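S.K.: First the structure, then my questions, so here it is.
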Amino acid sequence: MLSTTSTKVVEPAELPEALALLRREPVNNAFVTARVRSAGLDPWRLGGEMWGWYRDGRLESLCYSGANLVPLCAGPEAVRAFADRARRQGRRCSSVVGPAGPTMALWELLEPYWGPARDVRAHQPLMVADRMPADVTPDPLVRRVAKSEMEVVLPACVAMFTEEVGVSPLAGDGGLIYQARVAELVGTGRSFARIEDGRVVFKAEIGAVTPEACQIQGVWVAPDRRGEGLSETGMAAVLEYALRDFSPLVSLYVNDHNAPARAAYRRVGFREVGAFASILF
């Protein structure tokens, strides 16, 4: 008996099925799972559509289509269906990002229509940790950023984003959306920094939180303080906060060419368990 497949926008009433699917790969899906748990599946609240790929009426794969295009739990058939829908809709996202296999397969199908990309990062190691390191002492000066310190931490966030992505987050709307995101992280106690004489010398955020896993992002050391080991002790401090206050499993992904960062994360106890990919426009 032949199976039938279909693709459509997932309805808000299908939230239990969507969450059950996202839980299949809690680390890969942490970013989108956190958004769905917070906002549900209504596109207006979610900030984009959630596309579903169905086999015989059962939800099998998802693709978040908002500021980012993110394929999740997607095999080859689902990737082709998502690529066809994205091609017909036209590019509305600023990046395609997600688990490396489906993300690169999706980009291969979309590149003739959406290319060229500004940058293609085909293999970004995905790393996880579930315990504190035995031989790295957390930096006692790394702490939660207070709401009153937004103006102190924002320049470091902008510097990190510009260095990492290659464009300033203040472009376009003057940085209103980016500043709101930084304020959200600070306000929810997920922004951490070492501040000396009113200047951030190390910072990181916990960008996504679910009951199963959370994801560290935005790790940055002031250029004139690099090479001092601040990234290792600072990350150990953020890892301690993450394990204690948020989730039992902590993840991050890093550019494969960033050997110093990968080595620092390994020393703090992170291990590679897969890879992400990012296509930036």
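Every chain in the structure tokens has a letter given in the order shown (A, B, ...), and although residue numbers restart at 1 in each chain, ligands are simply numbered from 1 in the order shown.
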Excluding same-chain residues fewer than 6 positions from Val219 of chain A, what lies within 9 Å of it counting only C-alpha atoms, as a list of chain:residue names?
M.R.: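 Close residues of Val219 of chain A: A:Met160, A:Phe202, A:Lys203, A:Ala204, A:Glu205, A:Ser231, A:Met235.
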S.K.: Could you tell me, as JSON, numbers by chain, which residues of segment 81-219 of chain A DSSP assigns to alpha helix (DSSP H) when given the backbone?
M.R.: {"A": [81, 82, 83, 84, 85, 86, 87, 88, 89, 100, 101, 102, 103, 104, 105, 106, 107, 108, 109, 110, 111, 112, 113, 114, 150, 151, 152, 153, 154, 155, 156, 157, 158, 159, 160, 161, 162, 163, 164, 165, 171, 172, 173, 174, 176, 177, 178, 179, 180, 181, 182, 183, 184, 185, 186, 187]}
S.K.: List the spatial neighbours of Gly269 of chain A as a PyMOL selection string - criterion: any atom at most 8 Å away, only C-alpha atoms, same-chain residues fewer than 3 positions off excluded.
M.R.: chain A and resi 129+131-133+265-266
S.K.: Quick one: everything within 7 Å of Thr7 of chain A, counting only C-alpha atoms, minus sequence neighbours fewer than 2 positions away in the same chain. Send it as number ranges by chain.
M.R.: A: 51-54, 81
S.K.: What is the distance, in Å and to one decimal place, between atom CA of Pro211 of chain A and atom CA of Val128 of chain A?
M.R.: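 Calculated distance between atom CA of Pro211 of chain A and atom CA of Val128 of chain A is 15.0 Å.
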S.K.: Find the residues around Gly40 of chain A up to 12 Å (only C-alpha atoms counted), leave out those fewer than 4 positions away in its own chain, and share them as a ChimeraX atom specification.
M.R.: /A:10-19,32-36,44-50
S.K.: Could you write those residues out with C-alpha atoms, as a tab-separated table (two decimals), in the first residue's frame?
M.R.:
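Full text of part.tsv as output:
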```tsv
chain	number	residue	atom	x	y	z
A	10	VAL	CA	0.99	23.40	11.20
A	11	GLU	CA	-2.15	24.51	13.02
A	12	PRO	CA	-2.08	25.84	16.62
A	13	ALA	CA	-4.25	22.88	17.65
A	14	GLU	CA	-1.42	20.55	16.62
A	15	LEU	CA	0.89	21.88	19.34
A	16	PRO	CA	1.12	18.54	21.24
A	17	GLU	CA	2.14	16.68	18.09
A	18	ALA	CA	4.70	19.34	17.18
A	19	LEU	CA	6.26	19.32	20.66
A	32	VAL	CA	12.82	26.25	17.83
A	33	THR	CA	11.42	24.20	20.72
A	34	ALA	CA	11.98	27.13	23.07
A	35	ARG	CA	10.13	29.47	20.73
A	36	VAL	CA	7.23	27.06	20.28
A	44	TRP	CA	1.87	36.08	14.54
A	45	ARG	CA	3.09	35.13	18.02
A	46	LEU	CA	5.73	32.68	16.79
A	47	GLY	CA	7.29	35.20	14.43
A	48	GLY	CA	6.94	32.92	11.42
A	49	GLU	CA	5.17	29.88	10.05
A	50	MET	CA	5.82	26.32	11.12
```
S.K.: I need the strand (DSSP E) residues of segment 140-208 of chain A per DSSP on the backbone, written as number ranges by chain.
M.R.: A: 143-144, 191-196, 199-208
S.K.: Which value, in Å to one decimal, gives the distance between atom CA of Asp56 of chain A and atom CA of Ser3 of chain A?
M.R.: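 Spanning atom CA of Asp56 of chain A to atom CA of Ser3 of chain A is a straight-line distance of 5.9 Å.
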S.K.: Using only C-alpha atoms, which protein or nucleic acid residues come within 10 Å of segment 256-263 of chain A? Drop anything in the same chain fewer than 6 positions from it, and give the result as a PyMOL selection string.
M.R.: chain A and resi 121-127+219-220+227+231-232+269-272+275
S.K.: Record the distance separating atom CA of Ala78 of chain A and atom CA of Ser6 of chain A, expressed in Å with one decimal.
M.R.: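 Between atom CA of Ala78 of chain A and atom CA of Ser6 of chain A the gap is 9.2 Å.
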S.K.: Determine, counting only C-alpha atoms, which protein, DNA and RNA residues have an atom within 12 Å of an atom of Ala134 of chain A; residues of the same chain fewer than 6 positions away are not included. Present the result as a list in words.
M.R.: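 Near neighbours after the sequence-gap exclusion: Ala236, Arg267, Val268 and Gly269 of chain A.
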S.K.: Let me see the file: selected residues, N, CA and C atoms, as a PDB file, in the first residue's frame.
M.R.:
```pdb
ATOM      1  N   ALA A 236      33.114  28.044  31.986  1.00  0.00           N
ATOM      2  CA  ALA A 236      32.836  27.171  33.128  1.00  0.00           C
ATOM      3  C   ALA A 236      31.805  27.818  34.054  1.00  0.00           C
ATOM      4  N   ARG A 267      38.143  21.789  26.794  1.00  0.00           N
ATOM      5  CA  ARG A 267      38.761  21.812  28.124  1.00  0.00           C
ATOM      6  C   ARG A 267      37.729  22.041  29.232  1.00  0.00           C
ATOM      7  N   VAL A 268      36.641  22.714  28.883  1.00  0.00           N
ATOM      8  CA  VAL A 268      35.579  22.947  29.866  1.00  0.00           C
ATOM      9  C   VAL A 268      34.655  21.730  29.973  1.00  0.00           C
ATOM     10  N   GLY A 269      34.817  20.763  29.078  1.00  0.00           N
ATOM     11  CA  GLY A 269      34.042  19.535  29.167  1.00  0.00           C
ATOM     12  C   GLY A 269      33.030  19.315  28.070  1.00  0.00           C
TER      13      GLY A 269
END
```
